[in-house]
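Undergrad: Provided herewith: final-v2.csv, CSV, C-alpha atoms and all ligand atoms.
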chain,number,residue,atom,x,y,z
N,13,MET,CA,22.7,179.3,147.3
N,14,GLY,CA,26.3,178.0,147.2
N,15,ARG,CA,27.1,174.4,146.4
N,16,VAL,CA,26.1,171.8,149.0
N,17,VAL,CA,27.3,168.3,149.0
N,18,VAL,CA,25.1,165.6,150.5
N,19,ILE,CA,27.0,162.5,151.8
N,20,THR,CA,24.8,159.6,152.6
N,21,THR,CA,25.5,156.9,155.1
N,22,GLY,CA,22.1,155.1,155.5
N,23,GLY,CA,19.7,155.2,158.5
N,24,THR,CA,16.0,155.6,158.6
N,25,ILE,CA,16.0,158.6,156.2
N,26,ALA,CA,17.0,156.1,153.5
N,27,THR,CA,14.9,153.1,154.6
N,28,ARG,CA,12.0,151.3,152.9
N,29,SER,CA,10.2,148.4,154.5
N,30,GLY,CA,10.7,145.1,152.9
N,31,ALA,CA,8.1,142.3,152.4
N,32,ASP,CA,9.1,141.1,155.9
N,33,GLY,CA,8.1,144.5,157.4
N,34,VAL,CA,11.7,145.3,158.2
N,35,ALA,CA,13.1,148.8,157.4
N,36,ARG,CA,16.4,148.7,155.5
N,37,PRO,CA,18.4,151.6,154.0
N,38,THR,CA,17.9,151.0,150.2
N,39,ARG,CA,17.3,154.6,148.9
N,40,SER,CA,20.2,156.3,147.2
N,41,GLY,CA,21.3,159.8,147.7
N,42,ARG,CA,19.8,160.9,144.4
N,43,ASP,CA,16.5,159.4,145.6
N,44,LEU,CA,16.7,161.5,148.7
N,45,VAL,CA,17.6,164.9,147.1
N,46,VAL,CA,15.2,164.6,144.2
N,47,GLY,CA,12.4,166.3,146.1
N,48,LEU,CA,14.5,169.3,147.1
N,49,ASP,CA,13.5,172.7,145.6
N,50,SER,CA,17.2,173.4,145.6
N,51,ALA,CA,18.3,170.0,144.1
N,52,ASP,CA,20.2,171.7,141.3
N,53,GLY,CA,22.8,173.2,143.6
N,54,VAL,CA,23.3,169.9,145.4
N,55,ASP,CA,25.9,167.2,144.7
N,56,VAL,CA,25.5,163.7,146.2
N,57,ILE,CA,28.1,161.2,147.4
N,58,ASP,CA,26.7,157.8,148.3
N,59,LEU,CA,29.3,156.7,150.9
N,60,LEU,CA,27.5,154.1,153.0
N,61,ALA,CA,24.1,152.5,153.2
N,62,VAL,CA,23.8,151.0,156.6
N,63,ASP,CA,21.8,151.1,159.8
N,64,SER,CA,23.9,153.4,162.0
N,65,SER,CA,24.1,150.7,164.7
N,66,ARG,CA,26.5,149.0,162.3
N,67,LEU,CA,28.9,151.9,162.0
N,68,VAL,CA,32.3,151.4,163.6
N,69,PRO,CA,34.9,154.1,164.5
N,70,ALA,CA,36.7,153.5,161.2
N,71,ASP,CA,33.6,154.7,159.5
N,72,TRP,CA,33.9,158.0,161.3
N,73,ASP,CA,37.2,158.4,159.5
N,74,ARG,CA,35.5,157.5,156.1
N,75,ILE,CA,32.9,160.1,156.7
N,76,GLY,CA,35.5,162.7,157.7
N,77,ALA,CA,37.5,161.9,154.6
N,78,ALA,CA,34.4,162.3,152.4
N,79,ILE,CA,33.8,165.7,154.1
N,80,THR,CA,37.4,166.8,153.5
N,81,SER,CA,37.2,165.8,149.8
N,82,ALA,CA,33.9,167.6,149.4
N,83,VAL,CA,35.4,170.8,150.9
N,84,GLN,CA,38.5,170.5,148.8
N,85,GLY,CA,36.2,170.1,145.8
N,86,GLY,CA,34.7,173.5,146.5
N,87,ALA,CA,31.6,172.7,148.6
N,88,ASP,CA,30.2,175.7,150.5
N,89,GLY,CA,28.4,173.4,152.9
N,90,VAL,CA,28.2,169.6,153.6
N,91,VAL,CA,25.2,167.6,154.7
N,92,VAL,CA,25.6,164.0,156.1
N,93,THR,CA,22.5,161.8,156.2
N,94,HIS,CA,22.8,159.4,159.1
N,95,GLY,CA,20.8,157.0,161.2
N,96,THR,CA,19.8,158.3,164.6
N,97,ASP,CA,21.0,155.3,166.7
N,98,THR,CA,24.6,156.5,166.8
N,99,LEU,CA,24.2,160.0,165.3
N,100,GLU,CA,25.3,161.6,168.6
N,101,GLU,CA,28.5,159.7,168.5
N,102,THR,CA,29.5,160.4,164.9
N,103,ALA,CA,28.5,164.1,165.2
N,104,LEU,CA,30.7,164.6,168.3
N,105,TRP,CA,33.6,162.7,166.8
N,106,LEU,CA,33.5,164.9,163.7
N,107,ASP,CA,33.0,168.1,165.7
N,108,ALA,CA,36.1,167.2,167.9
N,109,THR,CA,38.3,166.4,164.9
N,110,TYR,CA,37.2,168.8,162.2
N,111,SER,CA,38.5,172.3,162.3
N,112,GLY,CA,37.3,173.5,158.9
N,113,ALA,CA,35.3,176.6,158.2
N,114,VAL,CA,32.7,175.0,155.9
N,115,PRO,CA,29.6,173.9,157.9
N,116,VAL,CA,28.9,170.2,158.2
N,117,VAL,CA,25.3,169.3,159.1
N,118,LEU,CA,24.1,165.9,160.1
N,119,THR,CA,20.5,164.9,159.7
N,120,GLY,CA,18.3,161.9,159.4
N,121,ALA,CA,14.8,160.8,160.1
N,122,MET,CA,12.7,159.1,162.8
N,123,ARG,CA,10.2,157.7,160.2
N,124,SER,CA,11.0,155.5,157.2
N,125,SER,CA,10.8,157.1,153.8
N,126,ASP,CA,7.8,154.9,153.0
N,127,ALA,CA,5.9,156.0,156.2
N,128,VAL,CA,2.6,157.7,155.8
N,129,GLU,CA,4.2,161.0,156.8
N,130,PRO,CA,8.0,160.6,156.3
N,131,ASP,CA,10.0,163.3,158.1
N,132,GLY,CA,13.2,162.8,156.1
N,133,PRO,CA,12.5,165.0,153.1
N,134,ARG,CA,11.7,168.0,155.3
N,135,ASN,CA,14.7,167.3,157.5
N,136,LEU,CA,17.0,167.1,154.5
N,137,ALA,CA,15.7,170.4,153.0
N,138,GLU,CA,16.3,172.1,156.4
N,139,ALA,CA,19.8,170.6,156.7
N,140,VAL,CA,20.7,171.8,153.2
N,141,SER,CA,19.5,175.3,154.3
N,142,VAL,CA,21.6,175.2,157.4
N,143,ALA,CA,24.7,174.0,155.4
N,144,ALA,CA,24.1,176.8,152.9
N,145,SER,CA,23.5,179.6,155.4
N,146,PRO,CA,26.0,182.3,155.9
N,147,SER,CA,25.2,182.2,159.6
N,148,THR,CA,26.7,178.7,160.1
N,149,GLY,CA,30.2,179.5,158.7
N,150,ASP,CA,32.9,178.6,161.2
N,151,LEU,CA,30.5,176.7,163.5
N,152,GLY,CA,31.9,173.3,162.4
N,153,VAL,CA,29.6,170.4,162.8
N,154,LEU,CA,25.9,170.9,163.5
N,155,VAL,CA,22.8,168.6,163.7
N,156,SER,CA,19.6,169.7,162.1
N,157,PHE,CA,16.4,167.8,162.9
N,158,ALA,CA,12.7,168.6,162.8
N,159,GLY,CA,13.2,172.4,162.6
N,160,THR,CA,15.8,172.6,165.3
N,161,VAL,CA,19.6,173.2,164.9
N,162,TRP,CA,21.5,171.3,167.6
N,163,GLN,CA,25.0,171.5,169.0
N,164,PRO,CA,26.7,168.0,168.8
N,165,LEU,CA,28.2,168.3,172.3
N,166,GLY,CA,25.5,167.0,174.8
N,167,LEU,CA,23.1,165.8,172.1
N,168,THR,CA,21.2,162.6,173.0
N,169,LYS,CA,18.3,160.7,171.5
N,170,ILE,CA,15.3,160.3,173.8
N,171,GLY,CA,12.5,158.2,172.3
N,172,GLU,CA,11.8,159.9,169.0
N,173,ARG,CA,13.2,163.3,169.8
N,174,TRP,CA,16.5,164.9,170.7
N,175,ALA,CA,17.7,166.5,173.9
N,176,GLY,CA,20.7,168.8,174.3
N,177,THR,CA,21.6,172.3,173.4
N,178,ALA,CA,19.3,173.8,170.7
N,179,LEU,CA,21.1,176.6,168.9
N,180,GLY,CA,18.2,177.9,166.9
N,181,THR,CA,15.5,177.0,164.4
N,182,VAL,CA,15.3,176.3,160.7
N,183,THR,CA,12.7,176.1,158.0
N,184,PRO,CA,13.6,175.4,154.4
N,185,GLY,CA,15.4,178.6,153.3
N,186,THR,CA,15.4,180.3,156.7
N,187,VAL,CA,17.9,179.7,159.5
N,188,HIS,CA,17.7,181.6,162.8
N,189,LEU,CA,20.5,180.9,165.3
N,190,THR,CA,20.0,182.4,168.8
N,191,ARG,CA,22.7,180.7,171.0
N,192,PRO,CA,26.5,180.4,170.6
N,193,LYS,CA,27.8,177.0,169.9
N,194,ARG,CA,30.4,175.2,172.1
N,195,ARG,CA,32.8,173.6,169.6
N,196,PRO,CA,35.1,171.1,171.3
N,197,VAL,CA,37.9,170.9,168.7
N,198,ILE,CA,40.5,168.5,170.0
N,199,GLY,CA,42.4,168.1,166.8
N,200,ALA,CA,42.8,165.8,163.8
N,201,ALA,CA,42.8,162.2,164.8
N,202,SER,CA,42.0,158.8,163.3
N,203,ALA,CA,39.2,156.9,165.0
N,204,ALA,CA,40.4,153.6,163.4
N,205,ILE,CA,43.6,153.7,165.4
N,206,ALA,CA,42.3,155.5,168.5
N,207,PRO,CA,42.9,153.5,171.7
N,208,ARG,CA,40.0,151.2,172.7
N,209,VAL,CA,37.6,152.8,175.2
N,210,ASP,CA,34.6,150.8,176.5
N,211,VAL,CA,31.4,151.8,178.4
N,212,VAL,CA,30.8,149.8,181.6
N,213,ALA,CA,27.3,149.3,182.8
N,214,VAL,CA,26.9,149.7,186.6
N,215,TYR,CA,24.0,148.4,188.6
N,216,ALA,CA,23.2,147.1,192.1
N,217,GLY,CA,25.6,144.3,192.8
N,218,ALA,CA,27.9,145.0,189.8
N,219,ASP,CA,31.5,143.9,190.1
N,220,ALA,CA,34.8,144.3,188.2
N,221,VAL,CA,34.4,141.4,185.8
N,222,ALA,CA,33.3,143.5,182.8
N,223,MET,CA,36.0,146.1,183.4
N,224,ASP,CA,38.7,143.4,183.6
N,225,ALA,CA,37.3,141.8,180.4
N,226,TYR,CA,37.5,145.1,178.6
N,227,THR,CA,41.0,145.8,179.7
N,228,ALA,CA,42.1,142.3,178.9
N,229,ALA,CA,40.7,143.0,175.4
N,230,GLY,CA,43.0,146.0,175.2
N,231,ALA,CA,40.9,148.9,176.5
N,232,SER,CA,43.1,151.9,177.5
N,233,GLY,CA,40.1,153.7,178.8
N,234,LEU,CA,36.7,153.0,180.5
N,235,VAL,CA,33.6,155.1,180.9
N,236,LEU,CA,31.5,154.0,183.8
N,237,GLU,CA,27.7,154.3,183.3
N,238,ALA,CA,27.6,154.8,187.0
N,239,LEU,CA,24.6,155.2,189.4
N,240,GLY,CA,23.0,158.5,190.4
N,241,ALA,CA,25.5,161.3,190.8
N,242,GLY,CA,28.5,159.0,189.9
N,243,ASN,CA,28.5,156.3,192.5
N,244,VAL,CA,29.3,152.6,192.3
N,245,PRO,CA,29.2,149.4,194.4
N,246,ASP,CA,32.3,148.6,196.4
N,247,ALA,CA,33.4,145.8,194.0
N,248,VAL,CA,33.4,148.3,191.1
N,249,LEU,CA,35.3,150.8,193.2
N,250,HIS,CA,38.0,148.3,194.1
N,251,GLY,CA,38.4,147.4,190.4
N,252,VAL,CA,38.7,151.1,189.5
N,253,GLN,CA,41.3,151.6,192.2
N,254,ARG,CA,43.3,148.7,190.8
N,255,LEU,CA,42.9,149.6,187.1
N,256,CYS,CA,43.7,153.3,187.7
N,257,SER,CA,47.0,152.3,189.4
N,258,ASP,CA,47.7,150.1,186.4
N,259,GLY,CA,47.3,153.2,184.1
N,260,VAL,CA,43.9,152.6,182.7
N,261,VAL,CA,42.0,155.9,182.2
N,262,VAL,CA,38.6,155.8,184.0
N,263,ALA,CA,35.9,158.4,183.6
N,264,VAL,CA,32.6,158.5,185.5
N,265,SER,CA,29.3,159.3,183.7
N,266,THR,CA,25.9,158.2,184.9
N,267,ARG,CA,23.0,156.1,183.7
N,268,VAL,CA,20.6,158.8,184.9
N,269,PRO,CA,19.5,161.2,182.1
N,270,ASP,CA,19.9,164.9,183.2
N,271,ALA,CA,21.8,164.0,186.4
N,272,THR,CA,25.0,166.0,187.2
N,273,VAL,CA,28.0,163.9,188.2
N,274,SER,CA,30.4,165.0,190.9
N,275,ALA,CA,32.1,163.5,193.9
N,276,ARG,CA,29.5,164.5,196.5
N,277,TYR,CA,28.7,161.0,198.0
N,278,GLY,CA,31.2,158.6,199.5
N,279,PRO,CA,31.5,156.2,196.6
N,280,GLY,CA,32.0,159.0,194.1
N,281,ARG,CA,34.6,160.7,196.3
N,282,ALA,CA,36.5,157.4,196.5
N,283,LEU,CA,36.4,157.0,192.7
N,284,ALA,CA,37.8,160.5,192.3
N,285,ASP,CA,40.5,159.8,195.0
N,286,ALA,CA,41.4,156.7,193.0
N,287,GLY,CA,42.1,158.9,189.9
N,288,ALA,CA,38.8,158.5,188.1
N,289,ILE,CA,37.6,161.6,186.1
N,290,MET,CA,34.2,162.9,186.9
N,291,VAL,CA,32.2,163.8,183.7
N,292,PRO,CA,29.6,166.3,184.9
N,293,THR,CA,27.0,166.2,182.2
N,294,LEU,CA,27.9,164.2,179.1
N,295,ARG,CA,26.1,160.9,178.5
N,296,PRO,CA,28.4,157.8,178.5
N,297,ALA,CA,28.4,157.3,174.7
N,298,GLN,CA,29.6,160.9,174.1
N,299,ALA,CA,32.1,160.7,177.1
N,300,ARG,CA,33.6,157.7,175.4
N,301,VAL,CA,33.9,159.6,172.1
N,302,LEU,CA,35.7,162.5,173.7
N,303,MET,CA,38.0,160.2,175.6
N,304,MET,CA,38.8,158.4,172.3
N,305,ALA,CA,39.5,161.7,170.6
N,306,ALA,CA,41.7,162.9,173.4
N,307,LEU,CA,43.7,159.7,173.6
N,308,ALA,CA,44.0,159.6,169.8
N,309,ALA,CA,45.2,163.2,169.6
N,310,GLY,CA,47.5,162.9,172.5
N,311,SER,CA,45.6,165.4,174.6
N,312,PRO,CA,45.2,165.0,178.4
N,313,VAL,CA,41.9,163.2,179.0
N,314,ALA,CA,41.2,164.9,182.3
N,315,GLY,CA,41.6,168.4,180.8
N,316,VAL,CA,39.4,167.5,177.8
N,317,LEU,CA,36.7,166.1,180.0
N,318,ALA,CA,37.0,169.0,182.4
N,319,ASP,CA,36.6,171.5,179.6
N,320,TRP,CA,33.9,169.7,177.6
N,321,GLY,CA,32.4,166.9,179.7
L,401,LIG,N1,18.1,152.1,163.2
L,401,LIG,C1,18.1,153.4,162.5
L,401,LIG,C2,19.6,153.8,162.4
L,401,LIG,O1,20.2,154.4,163.3
L,401,LIG,C3,17.3,154.4,163.3
L,401,LIG,C4,17.2,155.8,162.7
L,401,LIG,O2,17.8,156.2,161.7
L,401,LIG,O3,16.3,156.5,163.2
L,401,LIG,O4,20.2,153.7,161.3
Show me this structure written as structure tokens.
TA:
Amino acid sequence: MGRVVVITTGGTIATRSGADGVARPTRSGRDLVVGLDSADGVDVIDLLAVDSSRLVPADWDRIGAAITSAVQGGADGVVVTHGTDTLEETALWLDATYSGAVPVVLTGAMRSSDAVEPDGPRNLAEAVSVAASPSTGDLGVLVSFAGTVWQPLGLTKIGERWAGTALGTVTPGTVHLTRPKRRPVIGAASAAIAPRVDVVAVYAGADAVAMDAYTAAGASGLVLEALGAGNVPDAVLHGVQRLCSDGVVVAVSTRVPDATVSARYGPGRALADAGAIMVPTLRPAQARVLMMAALAAGSPVAGVLADWG
């Protein structure tokens, strides 16, 4: 096996429960890799030790920089351990902005390290196998979890499992990929200085107050977590018409898992006519990440969301 570098950021894979019964990420990278059969070929970088709900876009840059320095240091594969709350956001940001040939594999755990049956050790062993596998060269960023290798684009956490595009299976030492990966490389960009993009909840009776507050706070872009196939109440539509004519970029996703968004009802048609961009399948959190990456890289948002949304 080539050299694999494990970069830790925290999350449930690193948690132990305190006397108050609350899980906090207190285990070091060395603690995590100690049980690996292949631990000798693994280097560890303890980068962060936080619940992933606390990560901010600047942390995506820190993780990206740690990956770059691991690759420059000769790593043949990189594993990033990460909490599952925002793993789908970090994974997509990295996939959109990393163009290297060395595979980068995110993993984590659904159960704390001190649970009766922790899933972290097995997930880490599998992620190391994916990172070290010749079959993952040139695939960019992947997610490995509970025996499945996932594409970041379209990945979403549902309860204690993932949904999205499964690329294949993994057991420690064996990787079997059966589907090609869609790799939405947008180009190098800094998340810390990316324009602000917010996600706007839409519901029966919603109005434009939240959208106006976000733009007043500096948002260049908004992703609507719209209703059904991409519909909104009239007050939201009127706000979108006003904001689009002011130059704010508005994209339309939906609060409905598995729904396809398109302008096939009256309110959705009116949104599109106002200049809003329909995002066919990506969930709002990932649509936001792609919009941020496109804005930061100077790429046309409508084109990026048409190609990858
Ligand atoms: N709250 C945890 C985190 O995202 C959840 C997990 O890792 O599963 O850091």
Undergrad: Using all atoms listed in the file, which residues of the polymer chains come no farther than 9 Å from ligand LIG 401 (chain L)? I'd like the answer as an NGL selection string.
TA: :N and (21-27 or 35-37 or 62-67 or 94-99 or 120-124 or 172)
Undergrad: Counting only C-alpha atoms, what is within 8 Å of stretch 146-154 of chain N, bar same-chain residues fewer than 6 positions away, as a short mmCIF file (atom, residue, chain, number, x, y, z; two decimals) with C-alpha atoms, keeping the file's coordinate frame?
TA:
data_model
loop_
_atom_site.label_atom_id
_atom_site.label_comp_id
_atom_site.auth_asym_id
_atom_site.auth_seq_id
_atom_site.Cartn_x
_atom_site.Cartn_y
_atom_site.Cartn_z
CA ALA N 103 28.50 164.10 165.20
CA LEU N 106 33.50 164.90 163.70
CA ASP N 107 33.00 168.10 165.70
CA TYR N 110 37.20 168.80 162.20
CA SER N 111 38.50 172.30 162.30
CA GLY N 112 37.30 173.50 158.90
CA ALA N 113 35.30 176.60 158.20
CA VAL N 114 32.70 175.00 155.90
CA PRO N 115 29.60 173.90 157.90
CA VAL N 116 28.90 170.20 158.20
CA VAL N 117 25.30 169.30 159.10
CA LEU N 118 24.10 165.90 160.10
CA VAL N 161 19.60 173.20 164.90
CA TRP N 162 21.50 171.30 167.60
CA GLN N 163 25.00 171.50 169.00
CA PRO N 164 26.70 168.00 168.80
CA VAL N 187 17.90 179.70 159.50
CA LEU N 189 20.50 180.90 165.30
CA LYS N 193 27.80 177.00 169.90
CA ARG N 195 32.80 173.60 169.60
#
Undergrad: Rank nothing, just name the residue among N:Val209, N:Val91, N:Leu234, N:Leu179 nearest to N:Leu255, using all atoms listed in the file.
TA: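 For N:Leu255, the nearest of the given residues is N:Leu234.
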Undergrad: Report as CSV the residues of stretch 66-165 of chain N within 8 Å of stretch 290-309 of chain N, each with its shortest atom pair and distance in Å (one decimal), using all atoms listed in the file, ordered by chain and increasing residue number.
TA:
residue,atom,partner,partner_atom,distance
N:Glu100,CA,N:Gln298,CA,7.0
N:Glu101,CA,N:Gln298,CA,5.8
N:Leu104,CA,N:Gln298,CA,7.0
N:Trp105,CA,N:Val301,CA,6.1
N:Ala108,CA,N:Ala305,CA,7.0
N:Thr109,CA,N:Ala305,CA,7.5
N:Leu165,CA,N:Gln298,CA,7.7
Undergrad: Quick one: pull the distance between atom CA of N:Val248 and atom CA of N:Asp285, Å, one decimal.
TA: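 Computed distance, atom CA of N:Val248 to atom CA of N:Asp285, equals 14.1 Å.
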Undergrad: For atom CA of N:Leu44 and atom CA of N:Pro133, determine how far apart the two atoms are, in Å to one decimal place.
TA: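 Spanning atom CA of N:Leu44 to atom CA of N:Pro133 is a straight-line distance of 7.0 Å.
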Undergrad: Find, counting all atoms listed in the file, the residue in N:Gly41, N:Gly233, N:Gly171, N:Gly321 that gets nearest to N:Thr20.
TA: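 Nearest candidate to N:Thr20 out of N:Gly41, N:Gly233, N:Gly171, N:Gly321: N:Gly41.
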Undergrad: So how many Å separate atom CA of N:Ile79 and atom CA of N:Arg191, to one decimal?
TA: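 So the answer is 25.2 Å.
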Undergrad: My list of candidates is N:Asp71, N:Asp55, N:Asp32, N:Asp219. Which is closest to N:Val90 when distances are computed with all atoms listed in the file?
TA: N:Asp55
Undergrad: Pick out the closest residue to N:Gly287 from this set: N:Gly159, N:Gly259, N:Pro269, N:Gly53. Count all atoms listed in the file.
TA: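 Looking at the shortest contact to N:Gly287, the residue is N:Gly259.
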Undergrad: Would you list the residues near (30.2, 158.2, 183.6) (no more than 6 Å away, in the coordinates of the file, using all atoms listed in the file) as an NGL selection string?
TA: :N and (235-238 or 263-266 or 291 or 296)
Undergrad: Give me the residues within 7 Å of N:Ala203 as a list in words, counting only C-alpha atoms and dropping any in the same chain fewer than 5 places off.
TA: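 That gives Pro69, Ala70, Trp72 and Asp73 of chain N.
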Undergrad: Taking only C-alpha atoms into account, which of N:Thr186, N:Ser81, N:Ser202, N:Ser29 comes nearest N:Asp126?
TA: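 Among N:Thr186, N:Ser81, N:Ser202, N:Ser29, it is N:Ser29 that comes nearest to N:Asp126.
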Undergrad: Every residue with an atom at most 8 Å from (12.5, 167.5, 164.5) (file coordinates; only C-alpha atoms) is what I'm after, so could you write them as an mmCIF file with C-alpha atoms, keeping the file's coordinate frame?
TA:
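part.cif, written as the output of this step:
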data_model
loop_
_atom_site.group_PDB
_atom_site.id
_atom_site.type_symbol
_atom_site.label_atom_id
_atom_site.label_comp_id
_atom_site.auth_asym_id
_atom_site.auth_seq_id
_atom_site.Cartn_x
_atom_site.Cartn_y
_atom_site.Cartn_z
ATOM 1 C CA ASN N 135 14.700 167.300 157.500
ATOM 2 C CA SER N 156 19.600 169.700 162.100
ATOM 3 C CA PHE N 157 16.400 167.800 162.900
ATOM 4 C CA ALA N 158 12.700 168.600 162.800
ATOM 5 C CA GLY N 159 13.200 172.400 162.600
ATOM 6 C CA THR N 160 15.800 172.600 165.300
ATOM 7 C CA ARG N 173 13.200 163.300 169.800
ATOM 8 C CA TRP N 174 16.500 164.900 170.700
#
Undergrad: Check the smallest atom-to-atom distance from each of N:Val68, N:Val54, N:Ala282, N:Val83 to N:Ala206 using all atoms listed in the file, then report the winner.
TA: N:Val68
Undergrad: For stretch 262-270 of chain N, supply all heavy atoms and report the output as an mmCIF file, keeping the file's coordinate frame.
TA:
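Generated output (result.cif):
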data_model
loop_
_atom_site.group_PDB
_atom_site.id
_atom_site.type_symbol
_atom_site.label_atom_id
_atom_site.label_comp_id
_atom_site.auth_asym_id
_atom_site.auth_seq_id
_atom_site.Cartn_x
_atom_site.Cartn_y
_atom_site.Cartn_z
ATOM 1 N N VAL N 262 39.999 156.058 183.622
ATOM 2 C CA VAL N 262 38.600 155.800 184.000
ATOM 3 C C VAL N 262 37.846 157.095 184.122
ATOM 4 O O VAL N 262 38.298 158.004 184.829
ATOM 5 C CB VAL N 262 38.507 154.966 185.296
ATOM 6 C CG1 VAL N 262 37.042 154.722 185.661
ATOM 7 C CG2 VAL N 262 39.268 153.648 185.167
ATOM 8 N N ALA N 263 36.723 157.191 183.433
ATOM 9 C CA ALA N 263 35.900 158.400 183.600
ATOM 10 C C ALA N 263 34.507 157.916 184.098
ATOM 11 O O ALA N 263 34.087 156.774 183.884
ATOM 12 C CB ALA N 263 35.669 159.041 182.198
ATOM 13 N N VAL N 264 33.846 158.822 184.799
ATOM 14 C CA VAL N 264 32.600 158.500 185.500
ATOM 15 C C VAL N 264 31.454 159.321 184.908
ATOM 16 O O VAL N 264 31.408 160.536 185.090
ATOM 17 C CB VAL N 264 32.695 158.694 186.990
ATOM 18 C CG1 VAL N 264 31.402 158.241 187.674
ATOM 19 C CG2 VAL N 264 33.907 157.968 187.556
ATOM 20 N N SER N 265 30.550 158.663 184.185
ATOM 21 C CA SER N 265 29.300 159.300 183.700
ATOM 22 C C SER N 265 28.182 158.576 184.521
ATOM 23 O O SER N 265 28.452 157.859 185.484
ATOM 24 C CB SER N 265 29.148 159.116 182.223
ATOM 25 O OG SER N 265 27.948 159.695 181.778
ATOM 26 N N THR N 266 26.966 158.774 184.141
ATOM 27 C CA THR N 266 25.900 158.200 184.900
ATOM 28 C C THR N 266 24.805 157.585 183.975
ATOM 29 O O THR N 266 24.658 158.032 182.836
ATOM 30 C CB THR N 266 25.210 159.202 185.846
ATOM 31 O OG1 THR N 266 24.070 158.600 186.483
ATOM 32 C CG2 THR N 266 24.747 160.447 185.101
ATOM 33 N N ARG N 267 24.079 156.622 184.511
ATOM 34 C CA ARG N 267 23.000 156.100 183.700
ATOM 35 C C ARG N 267 21.720 156.932 183.823
ATOM 36 O O ARG N 267 20.721 156.650 183.160
ATOM 37 C CB ARG N 267 22.671 154.636 184.197
ATOM 38 C CG ARG N 267 22.064 154.545 185.584
ATOM 39 C CD ARG N 267 21.835 153.090 185.977
ATOM 40 N NE ARG N 267 20.999 152.972 187.167
ATOM 41 C CZ ARG N 267 20.620 151.801 187.695
ATOM 42 N NH1 ARG N 267 21.015 150.666 187.151
ATOM 43 N NH2 ARG N 267 19.851 151.763 188.764
ATOM 44 N N VAL N 268 21.760 157.984 184.661
ATOM 45 C CA VAL N 268 20.600 158.800 184.900
ATOM 46 C C VAL N 268 20.544 160.007 183.959
ATOM 47 O O VAL N 268 21.384 160.908 184.087
ATOM 48 C CB VAL N 268 20.529 159.302 186.358
ATOM 49 C CG1 VAL N 268 19.249 160.101 186.600
ATOM 50 C CG2 VAL N 268 20.625 158.134 187.326
ATOM 51 N N PRO N 269 19.600 160.064 183.008
ATOM 52 C CA PRO N 269 19.500 161.200 182.100
ATOM 53 C C PRO N 269 19.358 162.504 182.959
ATOM 54 O O PRO N 269 18.623 162.514 183.948
ATOM 55 C CB PRO N 269 18.297 160.974 181.258
ATOM 56 C CG PRO N 269 18.063 159.502 181.347
ATOM 57 C CD PRO N 269 18.558 159.078 182.698
ATOM 58 N N ASP N 270 20.050 163.556 182.568
ATOM 59 C CA ASP N 270 19.900 164.900 183.200
ATOM 60 C C ASP N 270 20.586 165.000 184.577
ATOM 61 O O ASP N 270 20.545 166.072 185.173
ATOM 62 C CB ASP N 270 18.470 165.356 183.323
ATOM 63 C CG ASP N 270 17.907 165.771 181.982
ATOM 64 O OD1 ASP N 270 18.717 166.033 181.082
ATOM 65 O OD2 ASP N 270 16.678 165.805 181.837
#
